[in-house]
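> What follows is start-v4.tsv; its format and atoms are TSV, C-alpha atoms.
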chain	number	residue	atom	x	y	z
V	75	MET	CA	-0.87	1.49	3.40
V	76	THR	CA	0.04	-1.99	2.26
V	77	GLU	CA	3.54	-2.53	1.00
V	78	LYS	CA	3.93	-3.75	-2.53
V	79	THR	CA	6.96	-5.33	-4.13
V	80	LEU	CA	7.86	-4.22	-7.62
V	81	THR	CA	9.89	-6.40	-9.93
V	82	ARG	CA	11.53	-6.19	-13.36
V	83	MET	CA	8.10	-6.80	-14.84
V	84	ASP	CA	6.71	-3.62	-13.29
V	85	LEU	CA	9.67	-1.61	-14.55
V	86	ALA	CA	9.23	-3.12	-18.02
V	87	GLU	CA	5.55	-2.24	-17.90
V	88	SER	CA	6.43	1.41	-17.12
V	89	VAL	CA	8.86	1.53	-20.03
V	90	PHE	CA	6.19	0.00	-22.24
V	91	ARG	CA	3.69	2.68	-21.14
V	92	GLU	CA	6.08	5.64	-21.20
V	93	VAL	CA	8.08	4.87	-24.30
V	94	GLY	CA	5.73	2.81	-26.40
V	95	LEU	CA	8.06	-0.04	-27.39
V	96	SER	CA	6.74	-3.59	-27.37
V	97	ARG	CA	6.47	-5.35	-24.00
V	98	ASN	CA	9.21	-7.73	-25.03
V	99	GLU	CA	11.63	-5.05	-26.05
V	100	SER	CA	10.81	-2.99	-22.94
V	101	ALA	CA	11.67	-5.98	-20.76
V	102	SER	CA	14.95	-6.61	-22.53
V	103	LEU	CA	15.94	-2.93	-22.23
V	104	VAL	CA	15.25	-2.94	-18.48
V	105	GLU	CA	17.47	-6.02	-18.26
V	106	SER	CA	20.12	-4.26	-20.31
V	107	VAL	CA	20.18	-1.31	-17.88
V	108	LEU	CA	20.72	-3.63	-14.91
V	109	GLN	CA	23.28	-5.66	-16.84
V	110	HIS	CA	25.40	-2.63	-17.72
V	111	VAL	CA	25.35	-1.36	-14.14
V	112	SER	CA	26.35	-4.85	-12.91
V	113	ASP	CA	29.11	-5.17	-15.52
V	114	ALA	CA	30.63	-1.82	-14.56
V	115	LEU	CA	30.57	-2.76	-10.87
V	116	ALA	CA	32.04	-6.20	-11.56
V	117	ALA	CA	34.85	-4.41	-13.43
V	118	GLY	CA	35.53	-2.41	-10.26
V	119	GLU	CA	33.97	0.85	-11.41
V	120	THR	CA	31.83	3.21	-9.33
V	121	VAL	CA	28.42	3.81	-10.90
V	122	LYS	CA	27.04	7.28	-10.40
V	123	ILE	CA	23.49	7.90	-11.57
V	124	SER	CA	22.73	11.58	-11.09
V	125	SER	CA	19.59	12.31	-9.03
V	126	PHE	CA	19.30	8.58	-8.23
V	127	GLY	CA	22.39	7.58	-6.29
V	128	THR	CA	25.89	6.15	-6.32
V	129	PHE	CA	26.92	2.50	-6.23
V	130	SER	CA	30.45	2.17	-4.94
V	131	LEU	CA	32.72	-0.68	-3.94
V	132	ARG	CA	34.53	-1.15	-0.68
V	133	GLU	CA	37.37	-3.56	-0.11
V	134	LYS	CA	37.04	-5.54	3.11
V	135	SER	CA	40.15	-7.16	4.49
V	136	ALA	CA	40.35	-10.72	5.77
V	137	ARG	CA	39.23	-11.36	9.33
V	138	VAL	CA	38.33	-14.21	11.60
V	139	GLY	CA	34.62	-14.69	11.97
V	140	ARG	CA	32.70	-17.00	14.23
V	141	ASN	CA	29.82	-19.31	13.55
V	142	PRO	CA	27.29	-17.83	16.00
V	143	LYS	CA	25.62	-21.21	16.52
V	144	THR	CA	28.66	-23.39	17.20
V	145	GLY	CA	31.19	-20.77	18.23
V	146	ASP	CA	33.67	-22.19	15.70
V	147	GLU	CA	36.18	-19.79	14.26
V	148	VAL	CA	35.95	-19.44	10.49
V	149	PRO	CA	38.29	-17.41	8.32
V	150	ILE	CA	36.55	-14.74	6.22
V	151	SER	CA	38.56	-14.00	3.10
V	152	PRO	CA	39.07	-10.47	1.78
V	153	ARG	CA	36.14	-9.41	-0.38
V	154	ARG	CA	34.53	-6.54	-2.19
V	155	VAL	CA	31.20	-5.23	-1.00
V	156	LEU	CA	28.82	-2.86	-2.70
V	157	THR	CA	27.36	0.18	-0.97
V	158	PHE	CA	24.60	2.35	-2.34
V	159	ARG	CA	24.42	6.01	-1.40
V	160	PRO	CA	21.05	7.50	-2.32
V	161	SER	CA	20.91	10.95	-3.90
V	162	HIS	CA	19.41	13.88	-2.01
V	163	LEU	CA	16.46	13.71	-4.34
V	164	MET	CA	15.79	10.07	-3.47
V	165	LYS	CA	16.22	10.71	0.26
V	166	ASP	CA	13.83	13.65	0.12
V	167	ARG	CA	11.21	11.74	-1.86
V	168	VAL	CA	11.40	8.77	0.51
V	169	SER	CA	11.32	10.72	3.77
V	170	GLY	CA	8.55	13.00	2.56
V	171	GLY	CA	6.45	10.14	1.23
V	172	THR	CA	3.14	10.52	-0.56
V	173	GLU	CA	0.92	8.90	2.03
C	282	MET	CA	30.26	4.99	-15.10
C	283	ILE	CA	27.77	7.84	-15.03
C	284	ARG	CA	24.20	8.14	-16.30
C	285	SER	CA	25.19	9.54	-19.71
C	286	GLU	CA	27.72	6.73	-20.29
C	287	LEU	CA	25.08	4.15	-19.44
C	288	ILE	CA	22.71	5.78	-21.94
C	289	GLN	CA	25.45	5.78	-24.58
C	290	LYS	CA	26.20	2.09	-24.11
C	291	ILE	CA	22.58	1.13	-24.53
C	292	ALA	CA	22.17	3.46	-27.51
C	293	ASP	CA	25.19	1.83	-29.18
C	294	GLU	CA	23.63	-1.60	-28.77
C	295	ASN	CA	20.28	-0.46	-30.11
C	296	PRO	CA	20.91	1.51	-33.32
C	297	HIS	CA	17.20	1.37	-34.16
C	298	LEU	CA	16.39	3.58	-31.14
C	299	THR	CA	17.04	7.31	-30.97
C	300	GLN	CA	19.20	8.80	-28.22
C	301	LYS	CA	16.06	10.50	-26.88
C	302	HIS	CA	14.27	7.16	-26.60
C	303	VAL	CA	17.14	5.54	-24.76
C	304	GLU	CA	17.30	8.49	-22.36
C	305	LYS	CA	13.60	8.11	-21.69
C	306	ILE	CA	13.99	4.37	-21.08
C	307	VAL	CA	16.90	4.75	-18.64
C	308	ASN	CA	15.22	7.64	-16.84
C	309	THR	CA	11.97	5.70	-16.55
C	310	VAL	CA	13.74	2.77	-14.87
C	311	PHE	CA	15.38	4.94	-12.20
C	312	ASP	CA	12.35	7.22	-11.75
C	313	GLU	CA	10.06	4.24	-11.20
C	314	ILE	CA	12.34	2.89	-8.49
C	315	ILE	CA	12.29	6.26	-6.67
C	316	GLU	CA	8.53	6.52	-7.12
C	317	ALA	CA	8.00	3.03	-5.65
C	318	LEU	CA	10.18	3.84	-2.63
C	319	ALA	CA	8.42	7.19	-2.14
C	320	GLN	CA	5.18	5.22	-1.80
C	321	GLY	CA	6.79	2.94	0.76
C	322	ASN	CA	7.10	0.00	-1.62
C	323	ARG	CA	10.00	-2.37	-2.22
C	324	VAL	CA	11.73	-3.00	-5.53
C	325	GLU	CA	13.21	-6.46	-5.87
C	326	LEU	CA	15.47	-7.11	-8.84
C	327	ARG	CA	16.65	-10.71	-8.60
C	328	GLY	CA	20.34	-11.14	-9.19
C	329	PHE	CA	20.92	-7.41	-8.90
C	330	GLY	CA	19.57	-6.35	-5.54
C	331	ALA	CA	16.60	-4.97	-3.65
C	332	PHE	CA	15.68	-1.39	-2.80
C	333	SER	CA	13.58	-0.88	0.30
C	334	VAL	CA	12.66	1.76	2.86
C	335	LYS	CA	13.79	1.57	6.46
C	336	ALA	CA	12.22	3.47	9.31
C	337	ARG	CA	14.53	5.33	11.68
C	338	ASP	CA	13.16	6.24	15.11
C	339	ALA	CA	13.30	9.75	16.44
C	340	ARG	CA	16.34	10.29	18.62
C	341	VAL	CA	18.24	12.96	20.47
C	342	GLY	CA	21.24	13.83	18.37
C	343	ARG	CA	24.12	16.07	19.21
C	344	ASN	CA	25.70	18.88	17.29
C	345	PRO	CA	29.24	17.55	17.05
C	346	ARG	CA	30.71	21.04	17.06
C	347	THR	CA	28.87	22.56	20.00
C	348	GLY	CA	27.86	19.40	21.84
C	349	GLU	CA	24.34	20.77	21.97
C	350	ALA	CA	21.47	18.22	22.07
C	351	VAL	CA	19.07	18.40	19.12
C	352	GLN	CA	15.87	16.46	18.56
C	353	VAL	CA	16.03	14.36	15.37
C	354	GLU	CA	12.59	13.43	14.01
C	355	ASP	CA	11.77	9.86	13.00
C	356	LYS	CA	12.32	9.38	9.31
C	357	LYS	CA	12.37	6.91	6.44
C	358	VAL	CA	15.55	6.19	4.53
C	359	PRO	CA	16.21	4.28	1.29
C	360	PHE	CA	18.20	1.07	1.61
C	361	PHE	CA	19.84	-1.21	-0.97
C	362	LYS	CA	20.80	-4.81	-0.43
C	363	THR	CA	23.05	-6.35	-3.06
C	364	GLY	CA	21.71	-9.46	-4.76
C	365	LYS	CA	23.50	-12.77	-4.50
C	366	LEU	CA	24.56	-13.03	-8.13
C	367	LEU	CA	25.97	-9.50	-8.21
C	368	ARG	CA	27.76	-10.04	-4.88
C	369	ASP	CA	29.40	-13.15	-6.32
C	370	ARG	CA	30.34	-11.33	-9.52
C	371	LEU	CA	32.04	-8.57	-7.54
C	372	ASN	CA	34.26	-11.22	-6.06
C	373	GLY	CA	34.97	-12.99	-9.32
C	374	LYS	CA	32.82	-15.98	-8.47
C	375	ALA	CA	30.28	-15.76	-11.28
Would it be possible to restate this file's structure as structure tokens?


Amino acid sequence: MTEKTLTRMDLAESVFREVGLSRNESASLVESVLQHVSDALAAGETVKISSFGTFSLREKSARVGRNPKTGDEVPISPRRVLTFRPSHLMKDRVSGGTE
Amino acid sequence: MIRSELIQKIADENPHLTQKHVEKIVNTVFDEIIEALAQGNRVELRGFGAFSVKARDARVGRNPRTGEAVQVEDKKVPFFKTGKLLRDRLNGKA
């Protein structure tokens, strides 16, 4: 099995096929979905898409890191990181596969 | 935000589409991502992030309650890596 990489274009193509809007409008709606999810996360919200998964934010505190090449200490400022927790449905579909 | 709120937001912005259509569009996007991963493919959405599948080797696990050793089969798990633009936005940099 060779691994393929899907992009926005492939998602837009699916919307075009499934819903029957123009290719252009399908592409802009796919973008709109990603934009709204990003906006909610940027506003600090958790995004829970039932039967897909949950995007949640974690606050990381400041710590001292090290440049692995030079050994120099570099301060790492506090930051927010995103974690994705897949739904049971997604986990089951992925582990079962359709090979 | 949950799925129905996402659908509502997009429906509000697109008054020419019916609620049913918007539901179908949103569902198609998420279903296609799951379908791609189920086939072992990657989904790369620049600026947002990438969904991929990671292989986990079989291992001997332990029942934390009884301490009993149990064989855990090798498996494939979904993985998401946040895109650069989104990561920056989360930290108020974009």

> Give me, as a ChimeraX atom specification, the residues of chain C touching chain V, with the criterion being at most 9 Å (counting only C-alpha atoms).

/C:282-285,287-288,290-291,302-303,305-307,309-327,329,334,356-363,367-368,370-373

> For a test of reading the model, state the distance in Å between atom CA of C:Asp355 and atom CA of C:Gly342, rounded to one decimal.

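Straight-line distance from atom CA of C:Asp355 to atom CA of C:Gly342 works out to 11.6 Å.
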
> Could you tell me how far atom CA of V:Arg132 sits from atom CA of V:Asp146, in Å to one decimal place?

26.7 Å

> Have a look at atom CA of C:Thr299 and atom CA of V:Ser102 and let me know their distance in Å, one decimal.

16.4 Å

> Just add N, CA and C atoms to stretch 108-126 of chain V and send it as a PDB file, in the coordinates of the input.


ATOM      1  N   LEU V 108      20.174  -2.970 -16.100  1.00  0.00           N
ATOM      2  CA  LEU V 108      20.720  -3.630 -14.910  1.00  0.00           C
ATOM      3  C   LEU V 108      22.029  -4.348 -15.231  1.00  0.00           C
ATOM      4  N   GLN V 109      22.086  -4.931 -16.428  1.00  0.00           N
ATOM      5  CA  GLN V 109      23.280  -5.660 -16.840  1.00  0.00           C
ATOM      6  C   GLN V 109      24.492  -4.731 -16.961  1.00  0.00           C
ATOM      7  N   HIS V 110      24.282  -3.559 -17.568  1.00  0.00           N
ATOM      8  CA  HIS V 110      25.400  -2.630 -17.720  1.00  0.00           C
ATOM      9  C   HIS V 110      25.882  -2.090 -16.378  1.00  0.00           C
ATOM     10  N   VAL V 111      24.945  -1.830 -15.475  1.00  0.00           N
ATOM     11  CA  VAL V 111      25.350  -1.360 -14.140  1.00  0.00           C
ATOM     12  C   VAL V 111      26.146  -2.474 -13.451  1.00  0.00           C
ATOM     13  N   SER V 112      25.646  -3.719 -13.532  1.00  0.00           N
ATOM     14  CA  SER V 112      26.350  -4.850 -12.910  1.00  0.00           C
ATOM     15  C   SER V 112      27.732  -5.053 -13.509  1.00  0.00           C
ATOM     16  N   ASP V 113      27.819  -4.971 -14.846  1.00  0.00           N
ATOM     17  CA  ASP V 113      29.110  -5.170 -15.520  1.00  0.00           C
ATOM     18  C   ASP V 113      30.139  -4.143 -15.060  1.00  0.00           C
ATOM     19  N   ALA V 114      29.714  -2.881 -14.980  1.00  0.00           N
ATOM     20  CA  ALA V 114      30.630  -1.820 -14.560  1.00  0.00           C
ATOM     21  C   ALA V 114      31.119  -2.078 -13.138  1.00  0.00           C
ATOM     22  N   LEU V 115      30.198  -2.486 -12.255  1.00  0.00           N
ATOM     23  CA  LEU V 115      30.570  -2.760 -10.870  1.00  0.00           C
ATOM     24  C   LEU V 115      31.508  -3.966 -10.784  1.00  0.00           C
ATOM     25  N   ALA V 116      31.199  -5.002 -11.562  1.00  0.00           N
ATOM     26  CA  ALA V 116      32.040  -6.200 -11.560  1.00  0.00           C
ATOM     27  C   ALA V 116      33.446  -5.871 -12.058  1.00  0.00           C
ATOM     28  N   ALA V 117      33.542  -4.832 -12.919  1.00  0.00           N
ATOM     29  CA  ALA V 117      34.850  -4.410 -13.430  1.00  0.00           C
ATOM     30  C   ALA V 117      35.546  -3.462 -12.442  1.00  0.00           C
ATOM     31  N   GLY V 118      34.918  -3.226 -11.303  1.00  0.00           N
ATOM     32  CA  GLY V 118      35.530  -2.410 -10.260  1.00  0.00           C
ATOM     33  C   GLY V 118      35.236  -0.926 -10.358  1.00  0.00           C
ATOM     34  N   GLU V 119      34.307  -0.566 -11.235  1.00  0.00           N
ATOM     35  CA  GLU V 119      33.970   0.850 -11.410  1.00  0.00           C
ATOM     36  C   GLU V 119      32.911   1.300 -10.408  1.00  0.00           C
ATOM     37  N   THR V 120      32.922   2.598 -10.090  1.00  0.00           N
ATOM     38  CA  THR V 120      31.830   3.210  -9.330  1.00  0.00           C
ATOM     39  C   THR V 120      30.761   3.601 -10.345  1.00  0.00           C
ATOM     40  N   VAL V 121      29.505   3.426  -9.992  1.00  0.00           N
ATOM     41  CA  VAL V 121      28.420   3.810 -10.900  1.00  0.00           C
ATOM     42  C   VAL V 121      27.626   4.942 -10.264  1.00  0.00           C
ATOM     43  N   LYS V 122      27.663   6.089 -10.946  1.00  0.00           N
ATOM     44  CA  LYS V 122      27.040   7.280 -10.400  1.00  0.00           C
ATOM     45  C   LYS V 122      25.874   7.687 -11.290  1.00  0.00           C
ATOM     46  N   ILE V 123      24.664   7.539 -10.797  1.00  0.00           N
ATOM     47  CA  ILE V 123      23.490   7.900 -11.570  1.00  0.00           C
ATOM     48  C   ILE V 123      22.930   9.183 -10.956  1.00  0.00           C
ATOM     49  N   SER V 124      23.129  10.291 -11.643  1.00  0.00           N
ATOM     50  CA  SER V 124      22.730  11.580 -11.090  1.00  0.00           C
ATOM     51  C   SER V 124      21.256  11.577 -10.717  1.00  0.00           C
ATOM     52  N   SER V 125      20.927  12.211  -9.628  1.00  0.00           N
ATOM     53  CA  SER V 125      19.590  12.310  -9.030  1.00  0.00           C
ATOM     54  C   SER V 125      18.972  10.960  -8.656  1.00  0.00           C
ATOM     55  N   PHE V 126      19.756   9.890  -8.734  1.00  0.00           N
ATOM     56  CA  PHE V 126      19.300   8.580  -8.230  1.00  0.00           C
ATOM     57  C   PHE V 126      20.187   8.157  -7.052  1.00  0.00           C
TER      58      PHE V 126
END
